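File shown: data_3.cif (mmCIF, C-alpha atoms (C1' of nucleotides)).
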```cif
data_upload
loop_
_atom_site.label_atom_id
_atom_site.label_comp_id
_atom_site.auth_asym_id
_atom_site.auth_seq_id
_atom_site.Cartn_x
_atom_site.Cartn_y
_atom_site.Cartn_z
CA MET X 883 -14.01 35.60 -10.07
CA ARG X 884 -14.00 35.95 -6.36
CA TRP X 885 -13.59 32.98 -4.07
CA ASN X 886 -16.95 33.67 -2.46
CA ASP X 887 -18.74 33.35 -5.77
CA LEU X 888 -17.82 29.69 -6.00
CA SER X 889 -20.91 28.47 -4.20
CA GLU X 890 -22.99 29.84 -7.08
CA GLU X 891 -21.27 27.63 -9.62
CA ALA X 892 -23.02 24.72 -11.26
CA CYS X 893 -19.89 22.58 -11.01
CA PRO X 894 -19.98 20.38 -7.91
CA VAL X 895 -16.22 20.62 -7.51
CA ALA X 896 -16.51 24.39 -7.16
CA ARG X 897 -19.47 24.12 -4.80
CA GLY X 898 -17.71 21.57 -2.66
CA LEU X 899 -14.60 23.69 -2.47
CA SER X 900 -16.66 26.71 -1.50
CA VAL X 901 -17.24 24.85 1.77
CA ILE X 902 -14.08 22.83 2.40
CA GLY X 903 -11.60 24.33 -0.07
CA ASP X 904 -10.35 26.84 2.40
CA ARG X 905 -6.80 26.65 3.68
CA TRP X 906 -7.50 25.24 7.15
CA THR X 907 -11.00 23.86 6.90
CA MET X 908 -10.20 20.24 6.03
CA LEU X 909 -7.72 20.10 8.92
CA VAL X 910 -10.44 21.22 11.30
CA VAL X 911 -12.67 18.48 9.91
CA ARG X 912 -9.84 15.97 10.32
CA ASP X 913 -9.48 16.84 13.98
CA CYS X 914 -13.21 16.42 14.45
CA PHE X 915 -12.98 12.94 12.93
CA LEU X 916 -10.15 12.22 15.38
CA GLY X 917 -12.45 13.17 18.25
CA TYR X 918 -11.17 16.63 19.10
CA ARG X 919 -14.17 18.84 19.68
CA ARG X 920 -13.06 21.87 21.63
CA PHE X 921 -11.77 25.20 20.55
CA GLU X 922 -8.65 25.07 22.70
CA GLN X 923 -7.70 21.56 21.61
CA ILE X 924 -8.09 22.22 17.93
CA GLN X 925 -6.35 25.57 18.13
CA GLU X 926 -3.35 24.04 19.86
CA ARG X 927 -3.16 20.99 17.60
CA LEU X 928 -3.34 23.02 14.41
CA GLY X 929 -1.28 25.99 15.53
CA ILE X 930 -3.87 28.07 13.71
CA THR X 931 -4.68 31.58 14.86
CA ARG X 932 -7.64 31.74 17.24
CA HIS X 933 -9.09 34.40 15.01
CA VAL X 934 -9.07 32.18 11.95
CA LEU X 935 -10.26 29.12 13.85
CA ALA X 936 -13.28 31.00 15.19
CA ASP X 937 -14.09 32.10 11.67
CA ARG X 938 -13.75 28.58 10.20
CA LEU X 939 -15.88 27.03 12.92
CA ARG X 940 -18.58 29.62 12.29
CA LYS X 941 -18.54 28.89 8.57
CA LEU X 942 -18.56 25.13 9.03
CA GLU X 943 -21.50 25.44 11.37
CA ALA X 944 -23.32 27.68 8.89
CA ALA X 945 -22.65 25.10 6.16
CA GLY X 946 -24.10 22.34 8.33
CA VAL X 947 -20.84 20.40 8.55
CA LEU X 948 -20.42 20.94 12.28
CA ARG X 949 -22.92 21.64 15.00
CA ARG X 950 -22.26 23.57 18.16
CA GLU X 951 -23.41 21.83 21.33
CA PRO X 952 -23.18 22.82 24.97
CA TYR X 953 -21.18 20.33 26.99
CA GLN X 954 -21.61 22.21 30.28
CA GLU X 955 -23.64 25.01 31.78
CA ARG X 956 -22.18 27.53 34.18
CA PRO X 957 -20.02 28.62 32.56
CA LEU X 958 -21.70 27.80 29.28
CA ARG X 959 -19.26 25.99 27.03
CA HIS X 960 -19.76 24.59 23.56
CA GLU X 961 -18.06 21.85 21.59
CA TYR X 962 -18.14 21.15 17.89
CA ARG X 963 -19.31 17.86 16.47
CA LEU X 964 -19.58 16.55 12.96
CA THR X 965 -23.11 16.39 11.61
CA ASP X 966 -24.14 13.66 9.18
CA ARG X 967 -23.16 16.04 6.44
CA GLY X 968 -19.73 16.38 8.01
CA LYS X 969 -19.35 12.65 8.45
CA ALA X 970 -20.18 12.25 4.78
CA LEU X 971 -16.84 13.91 4.09
CA TYR X 972 -15.05 10.77 5.22
CA PRO X 973 -14.53 9.38 1.71
CA VAL X 974 -13.02 12.68 0.62
CA MET X 975 -10.59 12.59 3.53
CA VAL X 976 -9.70 8.94 2.98
CA SER X 977 -9.07 9.51 -0.72
CA LEU X 978 -6.85 12.43 0.16
CA ILE X 979 -4.94 10.36 2.73
CA ASP X 980 -4.44 7.59 0.24
CA TRP X 981 -3.18 9.98 -2.40
CA ALA X 982 -0.84 11.78 -0.02
CA ASN X 983 0.63 8.56 1.33
CA ALA X 984 1.37 7.43 -2.20
CA HIS X 985 2.50 10.73 -3.67
CA VAL X 986 3.61 13.24 -1.04
CA PRO X 987 6.52 11.78 0.91
CA PRO X 988 6.46 12.24 4.69
CA PRO X 989 9.35 14.13 6.30
CA GLU X 990 11.14 11.18 7.86
CA ALA X 991 10.30 7.54 8.30
CA SER X 992 7.15 8.58 10.15
CA SER X 993 3.86 7.54 8.65
CA VAL X 994 0.16 7.41 9.36
CA THR X 995 -1.81 4.71 7.61
CA LEU X 996 -5.36 3.45 7.66
CA VAL X 997 -6.06 0.10 9.26
CA SER X 998 -9.17 -1.93 9.99
CA ARG X 999 -10.48 -1.14 13.44
CA GLU X 1000 -11.33 -4.80 13.96
CA THR X 1001 -8.39 -6.68 12.54
CA GLY X 1002 -5.71 -4.03 12.36
CA ALA X 1003 -5.01 -5.01 8.78
CA PRO X 1004 -4.03 -2.22 6.38
CA ILE X 1005 -6.76 -0.73 4.22
CA ALA X 1006 -6.48 -0.18 0.47
CA PRO X 1007 -9.21 2.29 -0.51
CA VAL X 1008 -10.70 1.93 -3.98
CA LEU X 1009 -13.60 3.86 -5.47
CA ILE X 1010 -16.16 1.67 -7.15
CA ASP X 1011 -19.53 2.30 -8.72
CA ALA X 1012 -22.12 0.80 -6.40
CA ASN X 1013 -24.37 0.10 -9.38
CA THR X 1014 -21.94 -1.99 -11.40
CA GLY X 1015 -19.17 -2.83 -8.96
CA GLU X 1016 -16.58 -1.51 -11.38
CA THR X 1017 -13.63 0.60 -10.38
CA ILE X 1018 -14.05 4.28 -11.14
CA THR X 1019 -11.38 5.86 -13.32
CA HIS X 1020 -11.18 9.05 -15.31
CA ARG X 1021 -11.38 6.93 -18.47
CA THR X 1022 -14.64 5.22 -17.66
CA VAL X 1023 -16.58 8.19 -16.31
CA ASN X 1024 -17.99 11.33 -17.87
CA ALA X 1025 -19.49 14.48 -16.45
CA LYS X 1026 -23.07 14.99 -17.56
CA VAL X 1027 -24.57 18.46 -17.55
CA ALA X 1028 -28.31 18.79 -17.10
CA GLU X 1029 -30.10 22.11 -17.51
CA MET Q 1282 1.78 27.26 12.34
CA ARG Q 1283 2.33 28.62 8.91
CA TRP Q 1284 0.60 27.15 5.92
CA ASN Q 1285 3.92 26.36 4.27
CA ASP Q 1286 4.98 24.16 7.18
CA LEU Q 1287 2.20 21.70 6.40
CA SER Q 1288 4.29 19.57 4.07
CA GLU Q 1289 6.52 18.71 7.03
CA GLU Q 1290 3.68 17.15 8.97
CA ALA Q 1291 3.44 13.43 9.53
CA CYS Q 1292 -0.32 13.50 8.93
CA PRO Q 1293 -1.14 12.61 5.33
CA VAL Q 1294 -4.14 14.95 5.35
CA ALA Q 1295 -1.84 17.86 6.08
CA ARG Q 1296 0.71 16.74 3.50
CA GLY Q 1297 -1.96 16.27 0.87
CA LEU Q 1298 -3.41 19.68 1.58
CA SER Q 1299 0.03 21.25 1.34
CA VAL Q 1300 -0.20 20.41 -2.36
CA ILE Q 1301 -3.88 20.68 -3.26
CA GLY Q 1302 -5.37 22.50 -0.26
CA ASP Q 1303 -4.88 25.86 -1.81
CA ARG Q 1304 -7.85 27.96 -2.78
CA TRP Q 1305 -7.72 27.48 -6.55
CA THR Q 1306 -5.53 24.45 -7.00
CA MET Q 1307 -8.21 21.78 -7.15
CA LEU Q 1308 -10.12 23.82 -9.73
CA VAL Q 1309 -7.05 23.94 -11.93
CA VAL Q 1310 -6.77 20.17 -11.57
CA ARG Q 1311 -10.44 19.81 -12.43
CA ASP Q 1312 -9.97 21.76 -15.65
CA CYS Q 1313 -7.03 19.55 -16.56
CA PHE Q 1314 -9.23 16.49 -16.08
CA LEU Q 1315 -11.77 18.13 -18.37
CA GLY Q 1316 -9.10 18.47 -21.03
CA TYR Q 1317 -8.23 22.15 -20.74
CA ARG Q 1318 -4.49 22.45 -20.90
CA ARG Q 1319 -3.61 26.00 -21.82
CA PHE Q 1320 -3.00 29.03 -19.71
CA GLU Q 1321 -5.51 31.21 -21.52
CA GLN Q 1322 -8.29 28.64 -21.41
CA ILE Q 1323 -7.92 27.91 -17.73
CA GLN Q 1324 -7.56 31.55 -16.83
CA GLU Q 1325 -10.75 32.45 -18.63
CA ARG Q 1326 -12.74 29.50 -17.34
CA LEU Q 1327 -11.76 30.09 -13.74
CA GLY Q 1328 -11.82 33.87 -13.72
CA ILE Q 1329 -8.67 33.64 -11.63
CA THR Q 1330 -6.04 36.35 -11.96
CA ARG Q 1331 -3.21 35.52 -14.32
CA HIS Q 1332 -0.79 36.20 -11.53
CA VAL Q 1333 -2.27 33.55 -9.25
CA LEU Q 1334 -2.73 31.04 -12.06
CA ALA Q 1335 0.93 31.30 -13.07
CA ASP Q 1336 1.88 30.72 -9.45
CA ARG Q 1337 -0.39 27.69 -9.04
CA LEU Q 1338 0.78 26.09 -12.26
CA ARG Q 1339 4.37 26.50 -11.14
CA LYS Q 1340 3.65 24.89 -7.80
CA LEU Q 1341 1.67 22.03 -9.33
CA GLU Q 1342 4.51 21.36 -11.71
CA ALA Q 1343 7.02 21.45 -8.86
CA ALA Q 1344 4.85 18.97 -6.95
CA GLY Q 1345 4.76 16.64 -9.93
CA VAL Q 1346 1.00 16.91 -10.42
CA LEU Q 1347 1.26 18.64 -13.80
CA ARG Q 1348 3.97 18.62 -16.40
CA ARG Q 1349 4.71 21.40 -18.83
CA GLU Q 1350 5.02 20.30 -22.43
CA PRO Q 1351 5.69 22.25 -25.60
CA TYR Q 1352 2.84 21.95 -28.08
CA GLN Q 1353 4.50 24.17 -30.69
CA GLU Q 1354 7.83 25.73 -31.48
CA ARG Q 1355 8.21 29.23 -32.83
CA PRO Q 1356 6.85 30.76 -30.81
CA LEU Q 1357 7.51 28.26 -28.10
CA ARG Q 1358 4.27 27.48 -26.28
CA HIS Q 1359 3.64 25.10 -23.45
CA GLU Q 1360 0.60 23.31 -22.20
CA TYR Q 1361 -0.06 21.66 -18.89
CA ARG Q 1362 -0.97 18.01 -18.59
CA LEU Q 1363 -1.74 15.80 -15.63
CA THR Q 1364 1.02 13.40 -14.70
CA ASP Q 1365 0.21 9.97 -13.26
CA ARG Q 1366 0.44 11.60 -9.86
CA GLY Q 1367 -2.11 14.16 -10.98
CA LYS Q 1368 -4.41 11.53 -12.45
CA ALA Q 1369 -4.24 9.72 -9.11
CA LEU Q 1370 -6.22 12.64 -7.70
CA TYR Q 1371 -9.32 11.43 -9.53
CA PRO Q 1372 -10.79 9.58 -6.54
CA VAL Q 1373 -10.38 12.72 -4.43
CA MET Q 1374 -12.23 14.77 -7.01
CA VAL Q 1375 -14.98 12.19 -7.47
CA SER Q 1376 -15.52 11.92 -3.72
CA LEU Q 1377 -15.75 15.67 -3.52
CA ILE Q 1378 -18.22 15.80 -6.41
CA ASP Q 1379 -20.36 13.15 -4.80
CA TRP Q 1380 -20.35 14.96 -1.47
CA ALA Q 1381 -21.15 18.33 -3.01
CA ASN Q 1382 -23.99 16.96 -5.12
CA ALA Q 1383 -25.53 15.45 -2.01
CA HIS Q 1384 -24.84 18.26 0.46
CA VAL Q 1385 -24.20 21.60 -1.25
CA PRO Q 1386 -27.26 22.58 -3.26
CA PRO Q 1387 -26.63 23.97 -6.75
CA PRO Q 1388 -27.90 27.50 -7.47
CA GLU Q 1389 -30.84 26.57 -9.69
CA ALA Q 1390 -32.03 23.35 -11.18
CA SER Q 1391 -28.70 23.01 -12.93
CA SER Q 1392 -26.61 20.00 -12.10
CA VAL Q 1393 -23.52 18.13 -13.14
CA THR Q 1394 -23.46 14.42 -12.41
CA LEU Q 1395 -21.15 11.52 -13.14
CA VAL Q 1396 -22.22 8.92 -15.68
CA SER Q 1397 -20.63 5.87 -17.23
CA ARG Q 1398 -18.81 6.76 -20.41
CA GLU Q 1399 -20.03 3.56 -22.01
CA THR Q 1400 -23.62 3.24 -20.95
CA GLY Q 1401 -24.46 6.76 -19.79
CA ALA Q 1402 -25.89 5.31 -16.60
CA PRO Q 1403 -25.43 7.36 -13.42
CA ILE Q 1404 -22.52 6.44 -11.17
CA ALA Q 1405 -22.79 5.96 -7.41
CA PRO Q 1406 -19.25 6.18 -6.01
CA VAL Q 1407 -18.48 4.10 -2.92
CA LEU Q 1408 -15.15 3.63 -1.19
CA ILE Q 1409 -14.32 0.04 -0.43
CA ASP Q 1410 -11.30 -1.73 0.95
CA ALA Q 1411 -9.72 -3.64 -1.92
CA ASN Q 1412 -8.46 -6.26 0.52
CA THR Q 1413 -11.79 -7.20 2.07
CA GLY Q 1414 -14.36 -5.68 -0.27
CA GLU Q 1415 -16.02 -3.93 2.64
CA THR Q 1416 -17.29 -0.37 2.55
CA ILE Q 1417 -15.02 2.11 4.30
CA THR Q 1418 -16.61 4.16 7.06
CA HIS Q 1419 -15.24 6.21 9.91
CA ARG Q 1420 -16.48 3.53 12.30
CA THR Q 1421 -14.58 0.64 10.75
CA VAL Q 1422 -11.24 2.35 10.13
CA ASN Q 1423 -8.52 3.65 12.41
CA ALA Q 1424 -5.44 5.74 11.81
CA LYS Q 1425 -2.28 3.90 12.73
CA VAL Q 1426 0.85 5.84 13.59
CA ALA Q 1427 4.19 4.22 12.94
CA GLU Q 1428 7.43 5.75 14.14
"C1'" DA B 765 4.19 48.13 -40.45
"C1'" DC B 766 0.61 46.82 -37.63
"C1'" DA B 767 -2.85 44.08 -35.33
"C1'" DG B 768 -3.36 39.52 -33.15
"C1'" DT B 769 -1.93 35.40 -30.11
"C1'" DT B 770 -0.19 33.26 -26.01
"C1'" DC B 771 2.02 33.20 -21.75
"C1'" DG B 772 3.35 35.40 -18.67
"C1'" DT B 773 5.13 39.76 -15.31
"C1'" DT B 774 4.58 44.26 -12.84
"C1'" DC B 775 2.17 47.50 -10.03
"C1'" DC B 776 -1.04 48.72 -6.58
"C1'" DA B 777 -5.36 48.55 -3.74
"C1'" DT B 778 -7.98 45.30 -1.04
"C1'" DT B 779 -8.43 41.19 1.76
"C1'" DA B 780 -6.79 37.43 4.62
"C1'" DT B 781 -3.60 35.61 7.89
"C1'" DG B 782 -0.16 35.41 11.91
"C1'" DG B 783 1.02 36.87 16.51
"C1'" DA B 784 0.11 38.62 20.66
"C1'" DA B 785 -2.67 40.71 24.10
"C1'" DC B 786 -7.27 41.43 25.99
"C1'" DT B 787 -12.25 40.32 27.48
"C1'" DC B 788 -15.82 37.87 29.79
"C1'" DA B 789 -18.24 34.62 32.67
"C1'" DG B 790 -17.64 31.66 35.86
"C1'" DT B 791 -14.73 28.43 39.02
"C1'" DC B 792 -10.97 27.11 42.22
"C1'" DT B 793 -7.53 28.18 45.81
"C1'" DT B 794 -6.24 30.03 49.96
"C1'" DA G 49 -13.12 37.66 49.55
"C1'" DA G 50 -8.97 38.54 46.67
"C1'" DG G 51 -6.46 36.59 43.25
"C1'" DA G 52 -5.24 33.07 39.93
"C1'" DC G 53 -7.21 30.01 36.46
"C1'" DT G 54 -10.09 28.20 32.45
"C1'" DG G 55 -12.28 28.14 27.88
"C1'" DA G 56 -13.94 30.51 24.07
"C1'" DG G 57 -13.62 33.84 21.83
"C1'" DT G 58 -12.45 39.24 20.20
"C1'" DT G 59 -9.40 43.20 19.16
"C1'" DC G 60 -5.38 45.29 17.20
"C1'" DC G 61 -1.78 45.61 14.00
"C1'" DA G 62 2.06 44.04 10.88
"C1'" DT G 63 2.77 40.89 7.11
"C1'" DA G 64 1.33 37.98 3.25
"C1'" DA G 65 -1.91 36.69 -0.42
"C1'" DT G 66 -5.30 38.01 -3.85
"C1'" DG G 67 -7.94 40.89 -7.42
"C1'" DG G 68 -7.76 44.04 -11.26
"C1'" DA G 69 -5.75 46.08 -14.79
"C1'" DA G 70 -2.01 47.25 -17.70
"C1'" DC G 71 2.38 46.00 -19.72
"C1'" DG G 72 6.12 42.92 -22.07
"C1'" DA G 73 8.11 39.40 -25.13
"C1'" DA G 74 8.26 36.54 -28.88
"C1'" DC G 75 6.45 35.35 -32.49
"C1'" DT G 76 2.59 35.05 -36.85
"C1'" DG G 77 -0.43 36.60 -40.45
"C1'" DT G 78 -1.90 40.35 -43.74
#
```
Represent the structure from my file as C-alpha cells, please.
Amino acid sequence: MRWNDLSEEACPVARGLSVIGDRWTMLVVRDCFLGYRRFEQIQERLGITRHVLADRLRKLEAAGVLRREPYQERPLRHEYRLTDRGKALYPVMVSLIDWANAHVPPPEASSVTLVSRETGAPIAPVLIDANTGETITHRTVNAKVAE
Amino acid sequence: MRWNDLSEEACPVARGLSVIGDRWTMLVVRDCFLGYRRFEQIQERLGITRHVLADRLRKLEAAGVLRREPYQERPLRHEYRLTDRGKALYPVMVSLIDWANAHVPPPEASSVTLVSRETGAPIAPVLIDANTGETITHRTVNAKVAE
DNA sequence: ACAGTTCGTTCCATTATGGAACTCAGTCTT
DNA sequence: AAGACTGAGTTCCATAATGGAACGAACTGT
C-alpha cells in the first residue's frame, strides 16, 4: 500500500493519519496552537526545510485544518490559522503530550507541562465517555464496523 | 533540523512524535490493539513492505512500546505485544479516531465507530482534567516551561 | 526429498527530505 | 533613485527513506 492510499481506508486511524500522520505535520499544528502563524516563524522554530514546510502548509490548508489569511496588503502577505477542524485536534495533541511526558524522557531536567490557564495548577488529562462518565480504556471499548 | 534530533527536544509533542510520528508506526500500534501480533499478519493487513515493517517493529521494541515474545520454540517464532507503555497510547488513538470520524470523511458509507464493550452503546470521548473534572480546551490550558 | 510456514534480509528503482541559493513584490534607508 | 531588506515561497541537487520483488534460514509435515 502506498501512503497516499490511506485516506481511502475505512479505518478512522488510517484516515486521520492520512492528514496528520506525516513527519512534520503535527509539529506545524503545535506551533499554530502556540500562536505562531507565519511561514518564517514556523520555519525557523522547526528547522524544517522551506520546501517541506510550504508543502505541509498547502496540504493542511487543502485538508481544512489551516486557513490562509492575508494579514497585510502591499506587499500581500498571508498567515496560517487553525480552523475549527484544526482546533479539534487539541485532544489528540494533549493526549500525545501526556503520553510523552510519562513515557519518553526529556533530555535533561527540562520539561513542559500543561497547567490551568486560570489557576496555574497542573492538569491531568483523562479520556472519559461523555455519555456515561466512565474512563475510556482499551478493555471497555470495542470498534464497531458498519457497512 | 533532522527528524532524528526530535527526541532531544524539550517539547513533549516533539518527543512523542520521535517515537510514534513516523508514517506507519501508529498503524502498527493500531493492529496490536486489535490483537494482531505476528509479522505476517501485520504486513498483510497494512500492505507495508516487509523491510519497513521489520524496521518499525525494531524501533517500537527499542522504545519500549512493544515487546518481542516467543510463542513457539522449534522453529523459534516471536510475536509482538503492547507493553504498558504501548497500551498507554490508547487515549492518543481514541482521540485520533474521534477526530477523524468527525473531520475526515470515509470513502463510502462505511464507518468504524467506538462502542462500549458491555452495552454496545456508542462512545463519545471527551478529555477532562482529573483534578477538576473540567473539559480540557485550548482556551483553558497553558503550556508551562520549567528549567 | 520436497513443498509449506514464518520472519526476516538483500537489491534496486522511485520518492521524499535536507541544505543552500535564488526569485519576486514591495518597502526602507540614504 | 540605487541599494539593502523583508517575507513567502521556488529551484536545484545530493542524500535518505520507501516500494516491490526476490532470496535466505530454520524448521515442519507428507
Among the residues X:Gly898, X:Trp885, X:Ile930, X:Glu922, the one that comes closest to DT54 (chain G) [using only C-alpha atoms (C1' of nucleotides)]: X:Glu922
Separation of CA of Thr1416 (chain Q) from CA of Met1374 (chain Q), in Å and rounded to one decimal: 18.6 Å
Return chain X as a tab-separated table (two decimals) with C-alpha atoms, in the coordinates of the input, after superposing it on chain Q by a least-squares fit that covers all C-alpha atoms paired in order.
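Writing the result to superposed-v3.tsv gives the following:
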```tsv
chain	number	residue	atom	x	y	z
X	883	MET	CA	1.82	27.26	12.31
X	884	ARG	CA	2.32	28.61	8.87
X	885	TRP	CA	0.58	27.14	5.86
X	886	ASN	CA	3.91	26.35	4.24
X	887	ASP	CA	4.96	24.18	7.15
X	888	LEU	CA	2.20	21.70	6.39
X	889	SER	CA	4.30	19.60	4.06
X	890	GLU	CA	6.53	18.74	7.02
X	891	GLU	CA	3.68	17.17	8.95
X	892	ALA	CA	3.45	13.45	9.53
X	893	CYS	CA	-0.31	13.51	8.94
X	894	PRO	CA	-1.15	12.61	5.35
X	895	VAL	CA	-4.14	14.93	5.36
X	896	ALA	CA	-1.84	17.87	6.08
X	897	ARG	CA	0.70	16.75	3.50
X	898	GLY	CA	-1.96	16.28	0.88
X	899	LEU	CA	-3.42	19.69	1.57
X	900	SER	CA	0.02	21.26	1.34
X	901	VAL	CA	-0.21	20.41	-2.36
X	902	ILE	CA	-3.89	20.69	-3.27
X	903	GLY	CA	-5.38	22.50	-0.27
X	904	ASP	CA	-4.87	25.87	-1.80
X	905	ARG	CA	-7.84	28.00	-2.77
X	906	TRP	CA	-7.71	27.50	-6.54
X	907	THR	CA	-5.54	24.46	-7.00
X	908	MET	CA	-8.23	21.76	-7.15
X	909	LEU	CA	-10.13	23.82	-9.73
X	910	VAL	CA	-7.04	23.93	-11.91
X	911	VAL	CA	-6.76	20.16	-11.57
X	912	ARG	CA	-10.45	19.81	-12.44
X	913	ASP	CA	-9.97	21.74	-15.65
X	914	CYS	CA	-7.02	19.54	-16.54
X	915	PHE	CA	-9.21	16.47	-16.07
X	916	LEU	CA	-11.76	18.12	-18.37
X	917	GLY	CA	-9.07	18.47	-21.03
X	918	TYR	CA	-8.22	22.15	-20.74
X	919	ARG	CA	-4.46	22.46	-20.91
X	920	ARG	CA	-3.60	26.02	-21.80
X	921	PHE	CA	-2.99	29.04	-19.70
X	922	GLU	CA	-5.49	31.23	-21.52
X	923	GLN	CA	-8.27	28.64	-21.41
X	924	ILE	CA	-7.91	27.89	-17.74
X	925	GLN	CA	-7.55	31.54	-16.82
X	926	GLU	CA	-10.74	32.44	-18.65
X	927	ARG	CA	-12.73	29.47	-17.36
X	928	LEU	CA	-11.77	30.06	-13.75
X	929	GLY	CA	-11.81	33.85	-13.78
X	930	ILE	CA	-8.67	33.58	-11.67
X	931	THR	CA	-6.01	36.26	-11.83
X	932	ARG	CA	-3.23	35.49	-14.30
X	933	HIS	CA	-0.78	36.18	-11.54
X	934	VAL	CA	-2.25	33.55	-9.26
X	935	LEU	CA	-2.73	31.03	-12.05
X	936	ALA	CA	0.93	31.28	-13.05
X	937	ASP	CA	1.89	30.71	-9.44
X	938	ARG	CA	-0.41	27.67	-9.03
X	939	LEU	CA	0.78	26.09	-12.25
X	940	ARG	CA	4.38	26.51	-11.14
X	941	LYS	CA	3.64	24.88	-7.80
X	942	LEU	CA	1.68	22.02	-9.32
X	943	GLU	CA	4.51	21.36	-11.71
X	944	ALA	CA	7.03	21.45	-8.86
X	945	ALA	CA	4.84	18.97	-6.94
X	946	GLY	CA	4.77	16.63	-9.93
X	947	VAL	CA	1.01	16.91	-10.42
X	948	LEU	CA	1.27	18.63	-13.79
X	949	ARG	CA	3.98	18.63	-16.39
X	950	ARG	CA	4.73	21.43	-18.79
X	951	GLU	CA	5.04	20.34	-22.42
X	952	PRO	CA	5.69	22.30	-25.58
X	953	TYR	CA	2.85	21.98	-28.06
X	954	GLN	CA	4.50	24.19	-30.69
X	955	GLU	CA	7.84	25.75	-31.49
X	956	ARG	CA	8.17	29.23	-32.92
X	957	PRO	CA	6.81	30.78	-30.88
X	958	LEU	CA	7.49	28.29	-28.13
X	959	ARG	CA	4.28	27.51	-26.30
X	960	HIS	CA	3.65	25.13	-23.44
X	961	GLU	CA	0.58	23.31	-22.20
X	962	TYR	CA	-0.05	21.64	-18.88
X	963	ARG	CA	-0.95	17.99	-18.57
X	964	LEU	CA	-1.73	15.80	-15.63
X	965	THR	CA	1.03	13.39	-14.69
X	966	ASP	CA	0.22	9.97	-13.25
X	967	ARG	CA	0.43	11.60	-9.86
X	968	GLY	CA	-2.13	14.16	-10.97
X	969	LYS	CA	-4.41	11.53	-12.43
X	970	ALA	CA	-4.24	9.71	-9.12
X	971	LEU	CA	-6.22	12.62	-7.69
X	972	TYR	CA	-9.31	11.42	-9.52
X	973	PRO	CA	-10.79	9.58	-6.53
X	974	VAL	CA	-10.38	12.70	-4.41
X	975	MET	CA	-12.22	14.77	-7.00
X	976	VAL	CA	-14.97	12.19	-7.45
X	977	SER	CA	-15.52	11.92	-3.71
X	978	LEU	CA	-15.74	15.68	-3.51
X	979	ILE	CA	-18.23	15.80	-6.40
X	980	ASP	CA	-20.35	13.15	-4.78
X	981	TRP	CA	-20.35	14.97	-1.46
X	982	ALA	CA	-21.14	18.33	-3.01
X	983	ASN	CA	-23.99	16.96	-5.10
X	984	ALA	CA	-25.52	15.44	-1.99
X	985	HIS	CA	-24.83	18.24	0.46
X	986	VAL	CA	-24.18	21.59	-1.23
X	987	PRO	CA	-27.24	22.55	-3.26
X	988	PRO	CA	-26.62	23.97	-6.74
X	989	PRO	CA	-27.89	27.49	-7.48
X	990	GLU	CA	-30.84	26.56	-9.67
X	991	ALA	CA	-32.05	23.35	-11.21
X	992	SER	CA	-28.69	23.02	-12.94
X	993	SER	CA	-26.62	19.99	-12.10
X	994	VAL	CA	-23.52	18.11	-13.13
X	995	THR	CA	-23.47	14.41	-12.41
X	996	LEU	CA	-21.16	11.52	-13.12
X	997	VAL	CA	-22.23	8.94	-15.68
X	998	SER	CA	-20.65	5.88	-17.23
X	999	ARG	CA	-18.82	6.79	-20.40
X	1000	GLU	CA	-20.03	3.58	-22.02
X	1001	THR	CA	-23.63	3.26	-20.96
X	1002	GLY	CA	-24.47	6.75	-19.79
X	1003	ALA	CA	-25.89	5.32	-16.60
X	1004	PRO	CA	-25.43	7.36	-13.42
X	1005	ILE	CA	-22.52	6.46	-11.17
X	1006	ALA	CA	-22.79	5.96	-7.41
X	1007	PRO	CA	-19.25	6.18	-6.00
X	1008	VAL	CA	-18.50	4.09	-2.92
X	1009	LEU	CA	-15.16	3.64	-1.19
X	1010	ILE	CA	-14.33	0.04	-0.44
X	1011	ASP	CA	-11.30	-1.72	0.95
X	1012	ALA	CA	-9.73	-3.63	-1.92
X	1013	ASN	CA	-8.47	-6.25	0.52
X	1014	THR	CA	-11.81	-7.19	2.06
X	1015	GLY	CA	-14.37	-5.67	-0.27
X	1016	GLU	CA	-16.05	-3.93	2.64
X	1017	THR	CA	-17.30	-0.38	2.55
X	1018	ILE	CA	-15.04	2.09	4.30
X	1019	THR	CA	-16.62	4.15	7.06
X	1020	HIS	CA	-15.25	6.22	9.89
X	1021	ARG	CA	-16.49	3.52	12.28
X	1022	THR	CA	-14.61	0.64	10.73
X	1023	VAL	CA	-11.27	2.35	10.14
X	1024	ASN	CA	-8.53	3.63	12.41
X	1025	ALA	CA	-5.46	5.73	11.83
X	1026	LYS	CA	-2.28	3.90	12.73
X	1027	VAL	CA	0.84	5.85	13.59
X	1028	ALA	CA	4.20	4.23	12.93
X	1029	GLU	CA	7.45	5.78	14.13
```
Å distance separating CA of Val1333 (chain Q) from CA of Val1310 (chain Q), one decimal place: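 Separation of CA of Val1333 (chain Q) and CA of Val1310 (chain Q): 14.3 Å.
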When you look at region 775-792 of chain B with a cut-off of 7 Å (counting all atoms listed in the file), what residues show up, excluding the ones that are within fewer than 5 positions of it in the same chain? I need them as an mmCIF file with C-alpha atoms, in the coordinates of the input.
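As a result, around.cif now contains:
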```
data_model
loop_
_atom_site.group_PDB
_atom_site.id
_atom_site.type_symbol
_atom_site.label_atom_id
_atom_site.label_comp_id
_atom_site.auth_asym_id
_atom_site.auth_seq_id
_atom_site.Cartn_x
_atom_site.Cartn_y
_atom_site.Cartn_z
ATOM 1 C CA THR X 931 -4.680 31.580 14.860
ATOM 2 C CA ARG X 956 -22.180 27.530 34.180
ATOM 3 C CA PRO X 957 -20.020 28.620 32.560
#
```
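Using only C-alpha atoms (C1' of nucleotides), the nearest neighbour of chain G within the list Q:Arg1326, Q:Arg1296, Q:Arg1331, Q:Arg1319 is Q:Arg1331.
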Separation of CA of Val974 (chain X) from CA of His1332 (chain Q) in Å: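 Value for the CA of His1332 (chain Q)-CA of Val974 (chain X) distance: 29.2 Å.
With all atoms listed in the file as the basis for measurement, Q:Arg1362 is the residue among Q:Cys1292, Q:Arg1362, Q:Pro1351, Q:Ala1335 that approaches Asp1312 (chain Q) most closely.
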Evaluate the PyMOL selection byres ((chain G) within 9 of (chain Q)) here and jot the selected residues down as a short mmCIF file (atom, residue, chain, number, x, y, z; two decimals) with C-alpha atoms (C1' of nucleotides), in the coordinates of the input.
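Contents of the output file selection_17.cif:
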```cif
data_model
loop_
_atom_site.label_atom_id
_atom_site.label_comp_id
_atom_site.auth_asym_id
_atom_site.auth_seq_id
_atom_site.Cartn_x
_atom_site.Cartn_y
_atom_site.Cartn_z
"C1'" DT G 66 -5.30 38.01 -3.85
"C1'" DG G 67 -7.94 40.89 -7.42
"C1'" DG G 68 -7.76 44.04 -11.26
"C1'" DA G 74 8.26 36.54 -28.88
"C1'" DC G 75 6.45 35.35 -32.49
"C1'" DT G 76 2.59 35.05 -36.85
#
```
